[in-house]
Structure formats: structure tokens, C-alpha cells
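What follows is a single structure, written as C-alpha cells, with notes after it.
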Amino acid sequence: MSDAVTLSLTTPPERTLVADCIAADRFAGLDAAAIAALPVVHAGRAATLGEFFRVRGERASVVRVEGDCRRIEAIGTGMAGGELLIEGSVGRDLGAAMSGGRIDVRGNAGDNTGGALPGAARGMSGGEIIVRGNVGEEAGARMRRGLLVVTGDGGRGMGKGVIAGTVVVFGKAGPGTGRFLKRGSIVALGDVERPATFRYACTYRPPHVALLLRYLGARCRVAVTPAQVTGRYERYSGDLAELGRGELLQWVGE
Amino acid sequence: MKINGVAIEDTFAEAFTMRVARLVITGRTIGWAKEAAVKLTGFATSVIGCKCEAGIERELSDTETPDGRPGVSVLFLTTDKASLPEQLIVRVGQTVLTCPTTACFDGLPDAPDRLPVGKALRVFGDGFQASKLIGGKRYWRIPVMEGEFLIEETFGMLKGVGGGNFLILARDADAALAAAEAAVAAMTGAPGVILPFPGGVVRSGSKVGSKRYSNMIATTNDAFDPTLKAVTQSQLPEVVNSVLEIVLDGIDGPSIEAAMRAGIRAACRRGVESITAGNYGGKLGPHHFYLRKILG
């Protein structure tokens with residue numbers, strides 16, 4: 001047993017690599033050989049994780065992934081616990097349908113980050129995803145619980161169809177953000193293109209946002225300014241085309 | 001044993017196991033946090049008549065609270081498990097929920113026994129309430145006219161200690177009060193301890209039961225009443241004309257001992273004849289705080 005398992009990308013994939021086997025909780029009971037033997041799909045063909053990554057460490061629920069993983073999809077799919085640290089950018093479906101643990105990406109993430117598996121009604125149902133960069137389209141789509149934090153920009157349809165949970169975006173949130181939101185919160189610290197089916201409620205200092213941003217700053221070392229913690233937020237209720245029990249909180253300064 | 005010429009009696013304070021919760025109340029200013037805490041802990045001097053004992057433990061700076069605002073920590077004690085959540089739900093709902101700008105957090109996060117205080121109070125939101133999970137803790141956001149009231153879903157409960165005490169026997173009322181005030185000042189802010197009585201001081205110490213009224217569970221402690229010295233089996237020396245008591249509740253025995261040590265030393269001043277403590281012969285309460293051992 002080691003403190004962490006480290007996956008170093010030694011053979012960058014030429015095509016899309018689906019590596020949904022990379023999940024912190026799954027590595028907790030596996031030795032290095034077993035981890036290397038986990039199945040992946042490269043360009044539609046079966047392969048093993050060890051053909052692309054060098055594996056160091058074993059039987060740990062803290063996993064570090066090193067290398068340019070932009071062509072690697074579905075990392076952290078269904079993850080239920082542990083900690084997954086990714087030193088670089090990743091492809092789509094990061095943390096799809098995850099239910100626990102934390103994924104921390106030091107780069108960008110692709111479409112459907114924290115979203116649902118194809119055909120599924122629910123996206124992530126617990127845990128935390130922190131992307132220290134930008135995300136693609138429909139990040140956090142159909143999230144049921146959990147926390148998705150994006151320090152950069154969010155793509156089109158961010159938080160689409162969220163059932164519950166929280167999405168925080170520090171940069172610009174793309175068009176259609178929060179569309180079909182049932183419950184849950186989208187906290188926008190930058191510009192956001194709000195759907196017309198959200199209705200302004202009030203401008204106030206939401207106490208839970210202060211708590212959340214302090215947590216992100218202290219525990220997750222996300223750069224948060226005091227003005228964001230103590231500032232005022234416009235509250236928009238929506239999506240009124242759906243339940244209308246959700247909210248979009250847009251920071252408007254001190 | 002004497003401290004500053006004040007005799008320390010060879011006796012002990014007898015205290016009881018109680019259930020304790022710690023609440024952290026924050027506000028836009030320390031003033032608003034204290035307003036809520038004062039109301040919350042009002043009429044909570046003794047379980048005999050109030051069903052609970054509560055008090056402000058200490059003020060907290062903005063670096064010590066979960067939401068980065070100034071606050072106060074409050075200890076809340078009851079005699080049994082069931083009545084602690086009952087008291088908290090009623091009191092927090094009427095005093096903290098109603099107080100502008102405040103939020104309410106658990107001060108015993110590691111306690112395994114959890115009381116569903118916020119979970120019960122959430123229904124004030126009439127279905128418009130929402131919860132948030134932040135750092136593994138669930139909070140309830142209850143919409144109110146001011147904006148939102150934030151409260152943690154559950155609060156920790158521990159076995160605490162209630163009824164630590166010492167009595168200041170003085171030559172006159174002024175000296176007794178001055179000594180009591182000095183003791184309270186020395187104990188204020190002691191971690192894990194509250195002084196639930198007004199200003200931390202009790203003038204009406206009680207004995208168990210009554211000599212005359214069968215329905216009374218506590219009546220005046222006539223053995224320490226100076227006006228009854230001539231007609232009862234008084235325990236007061238001839239020179240003593242006034243007695244005040246300090247009652248302490250706390251998280252655990254060591255916290256109470258430390259506070260008693262500081263308080264008794266501060267109370268040993270001119271005009272005070274002796275310091276003693278209240279007990280029931282050691283048969284009722286499992287916690288015995290021997291004065292000379294504490295001060296030794």
C-alpha cells in the first residue's frame with residue numbers, strides 16, 4: 001500500500017482514449033499490475049491502461065494523473081470516493097455520474113464534465129469536481145447532487161437540467177447556462193448569458209455562498225477574493241419553464 | 001489552606017453528568033450575534049425551573065467562525081438526551097432565527113451523537129427551504145423577510161458536567177459581591193465553561209426538597225442563609241453576613257476545574273472569610289471537585 005497511485009502518461013494516445021477505469025476508489029484495492037491491466041478503449045479498440053500510462057504506487061485512494069490527457073475521456077466516471085488529481089487538461093465526460101470523492105483538474109476539461117452517462121437521467125450525484133481552467137459544453141448537466149467549480153469559463157449549456165447541487169463558475173458562463181434547472185444553484189462570479197425563463201428575485205448577500213467560497217479558498221485553495229465572499233448577488237429564480245425551484249446567483253460586487 | 005488570608009474549606013463541589021451542545025452564532029456584527037445569544041440563553045439558569053442551562057462561553061473573532069463573521073459560542077445543557085434537541089429547536093427557532101443577520105453553526109463537529117436541530121427548523125421555510133452540502137456538512141437555507149437564515153442541519157451532543165460550584169462566604173454583602181464579580185471576571189471566556197446564572201452569580205442557593213412543602217423540589221439553602229443563622233443549623237461562621245455562589249457548567253471536568261481554580265483565586269480578597277462548596281455527601285453526582293486539590 002502506498003500514499004498515492006501515480007499514472008504518468010508515457011504513450012500519448014493518437015486517437016480518443018476512453019479510460020473510465022481511472023477512478024480513485026477503484027484503485028484502492030488494486031496493486032500496480034492490476035491497475036495497469038485495467039481495460040480502456042483506444043480508437044474503438046480494446047487496450048489496457050498500462051499501454052499508455054506508467055503506474056507507480058498501489059492500493060491507494062489518492063490518484064495522481066500526469067501528462068496531457070486532452071484525448072482521454074471519461075476519467076473518474078462513476079467515482080464514489082477518494083481523490084483524483086489531474087496535472088493537465090482532460091477530455092470530455094470527466095467525473096460523469098460520479099457519486100463521491102473529489103476530482104481536481106489543473107487544466108481544462110471537456111464537454112459533459114460532471115454530467116450524465118448517455119441515456120441516463122442524472123449526472124453526478126455527489127462529490128466535488130474542481131477544474132482550474134475552462135470546461136466544455138454542458139458541464140454539470142443533470143447533476144443531482146455535488147459541487148462543480150470552474151475557475152475559468154463555462155461552455156454552452158452549463159448546468160443544464162440540474163436537479164440539485166451547486167455549480168460555481170468564476171469566469172464567463174456560456175449561453176443557456178442553467179436552462180431547465182429544477183433545483184440547485186448556479187453561482188456566477190463572471191458574466192452569464194441567462195435564459196429568459198429566469199426571473200429576478202432580489203439582490204442580497206447569500207450566507208451559504210460566503211460559506212462555500214470560504215471553503216473553496218481554505219480547503220481547495222481556489223483564488224477567492226473577499227469581495228466575492230462578502231459581496232452582493234442578484235438572485236434569479238428558475239428555470240420557470242421547469243420546477244422553478246433553482247437559482248442563478250450572479251455576483252454584482254460589494 | 002488559606003489564599004490571601006481566605007480559608008479554603010476541606011470539601012468538594014458535587015456535580016452531575018448532563019448533555020451538552022455548543023452552538024456558534026455569527027452575525028453581521030458582534031453586537032447582533034450577542035443579541036441572539038443573550039435571548040437564546042435567557043431563562044436558562046437551572047434545570048430545576050428552566051429545563052435547561054445555557055450561557056455564552058466566549059466571543060469569537062471572524063477568524064474563528066465558519067462564515068468569517070464575528071460570533072459567540074454558546075453552551076447548552078440538559079439533564080437527558082431527549083430534552084436537549086427539544087430545547088434547542090424551540091429556543092433557536094424563537095431567538096436566533098428571528099434575529100437579523102445571524103447564522104447558526106455546530107460547535108461540536110466531532111461529536112458522534114447528532115441532534116437534528118436545523119433539520120427540524122427547516123420547515124419554517126414552508127417548502128421554500130433549500131439545503132446545501134458544503135465540505136461534508138449539510139446546511140439549511142431558510143427564506144426569511146430579511147433574506148436567508150442559514151443553520152447547520154445537525155448539532156453535536158456530548159456528555160458534559162453541570163453543577164460545579166463554590167460559595168463565597170463574606171463579612172458583608174458588598175465584599176461578597178465584589179469577590180463574586182472578581183471571580184466571574186477571572187472565569188469569563190474560560191474554554192468549555194459557562195456560568196448560567198445572572199452575571200454568573202447565584203444569591204439563592206438551594207437545598208434538595210423542602211422542610212415544609214412536599215411539592216417543592218428545591219428550597220432555600222437555610223444552612224447558608226445569614227438571616228436564619230439564629231434559627232437553623234447554620235454552617236456560617238459568626239462573622240459571615242452574606243454568601244454568594246458561583247455555578248459552573250462545562251464540556252468536561254478538567255474545564256470546570258481550571259475555571260474554578262481561576263475563579264476561587266480571584267475571589268480570595270479582603271472581606272471574604274472562606275470559600276466552600278455545595279455537595280450532597282457525594283451520593284448524587286458522580287463528579288467531585290475537591291477545592292484544596294484543585295488549588296493545590
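FYI, nothing fancy with the C-alpha cells labels: chains A, B, ... in order, residues from 1 per chain, ligands from 1 as they appear.
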For stretch 106-121 of chain B, find every residue with an atom within 7 Å (counting only C-alpha atoms), except residues of its own chain fewer than 4 positions away, and show them as JSON, numbers by chain. {"B": [21, 22, 23, 24, 85, 88, 89, 93, 140, 151, 152, 153, 154, 155, 156, 157, 158]}
From stretch 1-250 of chain A, collect each residue whose DSSP state is strand (DSSP E) and return the set as a count of residues only. 74
Expected answer as JSON, numbers by chain: chain A residues within 7 Å of chain B, only C-alpha atoms: {"A": [204, 206, 207, 208, 210, 211, 212, 215]}
Include C-alpha atoms and write out the residues we just selected as an mmCIF file, in the first residue's frame.
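The new file out_9.cif reads:
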```cif
data_model
loop_
_atom_site.group_PDB
_atom_site.id
_atom_site.type_symbol
_atom_site.label_atom_id
_atom_site.label_comp_id
_atom_site.auth_asym_id
_atom_site.auth_seq_id
_atom_site.Cartn_x
_atom_site.Cartn_y
_atom_site.Cartn_z
ATOM 1 C CA TYR A 204 -28.701 40.186 -1.305
ATOM 2 C CA PRO A 206 -26.471 34.849 0.410
ATOM 3 C CA PRO A 207 -24.922 33.363 3.559
ATOM 4 C CA HIS A 208 -24.313 29.958 2.026
ATOM 5 C CA ALA A 210 -19.952 33.104 1.701
ATOM 6 C CA LEU A 211 -19.562 29.774 3.428
ATOM 7 C CA LEU A 212 -18.981 27.929 0.161
ATOM 8 C CA TYR A 215 -14.480 26.595 1.941
#
```
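Proximity to A:Ala139 at 8 Å, evaluated using only C-alpha atoms and with sequence-adjacent residues fewer than 5 positions away removed, yields Asp111, Asn112, Thr113, Gly114, Gly115, Gly154, Gly155, Gly157, Met158, Gly159 and Lys160 of chain A.
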Can I get the selection written as a compact mmCIF listing (two decimals), in the first residue's frame, with N, CA, C and O atoms?
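again.txt, written as the output of this step:
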```
# COMPACT_ATOMS: atom_id res chain seq x y z
N ASP A 111 -16.33 18.52 -22.67
CA ASP A 111 -17.78 18.59 -22.53
C ASP A 111 -18.28 17.58 -21.49
O ASP A 111 -17.63 16.58 -21.20
N ASN A 112 -19.46 17.86 -21.01
CA ASN A 112 -20.19 16.95 -20.11
C ASN A 112 -19.43 16.63 -18.82
O ASN A 112 -19.60 15.56 -18.23
N THR A 113 -18.60 17.53 -18.39
CA THR A 113 -17.91 17.33 -17.11
C THR A 113 -18.94 17.26 -15.98
O THR A 113 -19.80 18.14 -15.86
N GLY A 114 -18.87 16.19 -15.18
CA GLY A 114 -19.84 16.01 -14.10
C GLY A 114 -21.24 15.73 -14.60
O GLY A 114 -22.20 15.79 -13.82
N GLY A 115 -21.35 15.40 -15.85
CA GLY A 115 -22.67 15.19 -16.45
C GLY A 115 -23.16 13.76 -16.31
O GLY A 115 -22.70 13.00 -15.46
N GLY A 154 -17.15 28.69 -18.56
CA GLY A 154 -18.01 27.54 -18.82
C GLY A 154 -18.58 27.64 -20.22
O GLY A 154 -18.83 28.74 -20.72
N GLY A 155 -18.78 26.50 -20.84
CA GLY A 155 -19.29 26.48 -22.22
C GLY A 155 -20.80 26.60 -22.27
O GLY A 155 -21.47 26.86 -21.26
N GLY A 157 -24.62 25.78 -22.25
CA GLY A 157 -25.46 24.83 -21.53
C GLY A 157 -24.90 24.37 -20.20
O GLY A 157 -25.19 23.28 -19.72
N MET A 158 -24.10 25.22 -19.58
CA MET A 158 -23.54 24.83 -18.29
C MET A 158 -24.67 24.64 -17.26
O MET A 158 -25.58 25.47 -17.17
N GLY A 159 -24.63 23.56 -16.51
CA GLY A 159 -25.65 23.31 -15.51
C GLY A 159 -27.02 23.05 -16.11
O GLY A 159 -28.04 23.21 -15.42
N LYS A 160 -27.06 22.60 -17.32
CA LYS A 160 -28.35 22.36 -17.98
C LYS A 160 -29.10 21.23 -17.28
O LYS A 160 -28.55 20.16 -17.03
```
Within 12 Å of A:Pro118, counting only C-alpha atoms, which residues qualify if same-chain residues fewer than 5 places away don't, as a ChimeraX atom specification? /A:74,77,93,96-97,112,123,141-142
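All residues within stretch 186-255 of chain B that the backbone DSSP calculation assigns to helix (DSSP H, G or I) are Ala186, Met187, Pro198, Gly199, Gly200, Asp222, Ala223, Phe224, Pro226, Thr227, Leu228, Gly253, Pro254 and Ser255 of chain B.
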A:Val162 environment, 12 Å, only C-alpha atoms, sequence neighbours closer than 5 positions dropped, as a PyMOL selection string: chain A and resi 114-116+121-125+138-148+157+167+177-186+238-239+242-248
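For the atom pair formed by atom CA of B:Leu97 and atom CA of B:Met18, the distance is 25.7 Å, given to one decimal.
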Set the distance at 12 Å and use only C-alpha atoms: which residues neighbour A:Ser89 once local chain neighbours fewer than 3 positions away are removed? I'd like the list as an mmCIF file with C-alpha atoms, in the first residue's frame.
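To be explicit, this is the file written out as around31.cif:
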```
data_model
loop_
_atom_site.group_PDB
_atom_site.id
_atom_site.type_symbol
_atom_site.label_atom_id
_atom_site.label_comp_id
_atom_site.auth_asym_id
_atom_site.auth_seq_id
_atom_site.Cartn_x
_atom_site.Cartn_y
_atom_site.Cartn_z
ATOM 1 C CA VAL A 65 -2.531 11.613 -13.249
ATOM 2 C CA GLU A 66 0.346 13.284 -15.089
ATOM 3 C CA GLY A 67 0.518 14.265 -18.742
ATOM 4 C CA ASP A 68 -1.576 15.809 -21.482
ATOM 5 C CA CYS A 69 -4.864 13.960 -21.225
ATOM 6 C CA ARG A 70 -6.934 16.051 -23.624
ATOM 7 C CA ARG A 71 -7.668 12.998 -25.735
ATOM 8 C CA ILE A 72 -8.599 10.921 -22.746
ATOM 9 C CA GLU A 73 -12.286 10.741 -21.938
ATOM 10 C CA ILE A 75 -11.801 9.830 -16.342
ATOM 11 C CA LEU A 85 -5.589 14.901 -9.023
ATOM 12 C CA ILE A 86 -5.010 15.551 -12.709
ATOM 13 C CA ARG A 92 -14.954 15.003 -22.119
ATOM 14 C CA LEU A 94 -14.788 13.852 -16.650
ATOM 15 C CA ASP A 104 -9.106 18.298 -9.067
ATOM 16 C CA VAL A 105 -8.002 19.239 -12.573
ATOM 17 C CA ARG A 106 -5.053 21.585 -13.102
ATOM 18 C CA GLY A 107 -6.113 22.433 -16.623
ATOM 19 C CA ASN A 108 -9.181 22.423 -18.801
ATOM 20 C CA ALA A 109 -11.891 19.780 -19.012
ATOM 21 C CA GLY A 110 -14.057 18.824 -21.971
ATOM 22 C CA VAL A 131 -11.489 22.481 -12.752
ATOM 23 C CA ARG A 132 -8.755 25.092 -12.600
ATOM 24 C CA GLY A 133 -9.371 26.189 -16.154
ATOM 25 C CA ASN A 134 -12.231 26.121 -18.638
ATOM 26 C CA VAL A 135 -14.855 23.460 -19.254
ATOM 27 C CA GLY A 136 -16.618 22.479 -22.461
#
```
Using only C-alpha atoms, which protein or nucleic acid residues come within 6 Å of B:Gly55? Drop anything in the same chain fewer than 6 positions from it, and give the result as an MDAnalysis selection string. chainID B and resid 41 74:75 194 196
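Using only C-alpha atoms, the smallest distance between any of B:Ala182, B:Ile142, B:Val92, B:Ile294 and B:Ile256 comes from B:Ile294.
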Counting only C-alpha atoms, closest pick from B:Gly163, B:Val38, B:Thr26, B:Ala179 relative to B:Thr63 is B:Thr26
Nearest to B:Leu167 among B:Glu57, B:Glu9, B:Glu257, B:Glu238, with distances taken over only C-alpha atoms: which residue is it? B:Glu9
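Computed from the coordinates, the atom CA of A:Leu38 to atom CA of A:Ile22 distance equals 8.6 Å.
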Using only C-alpha atoms, which residue out of B:Ile8, B:Ser234, B:Asp174, B:Phe197 lies closest to B:Gly271? B:Asp174
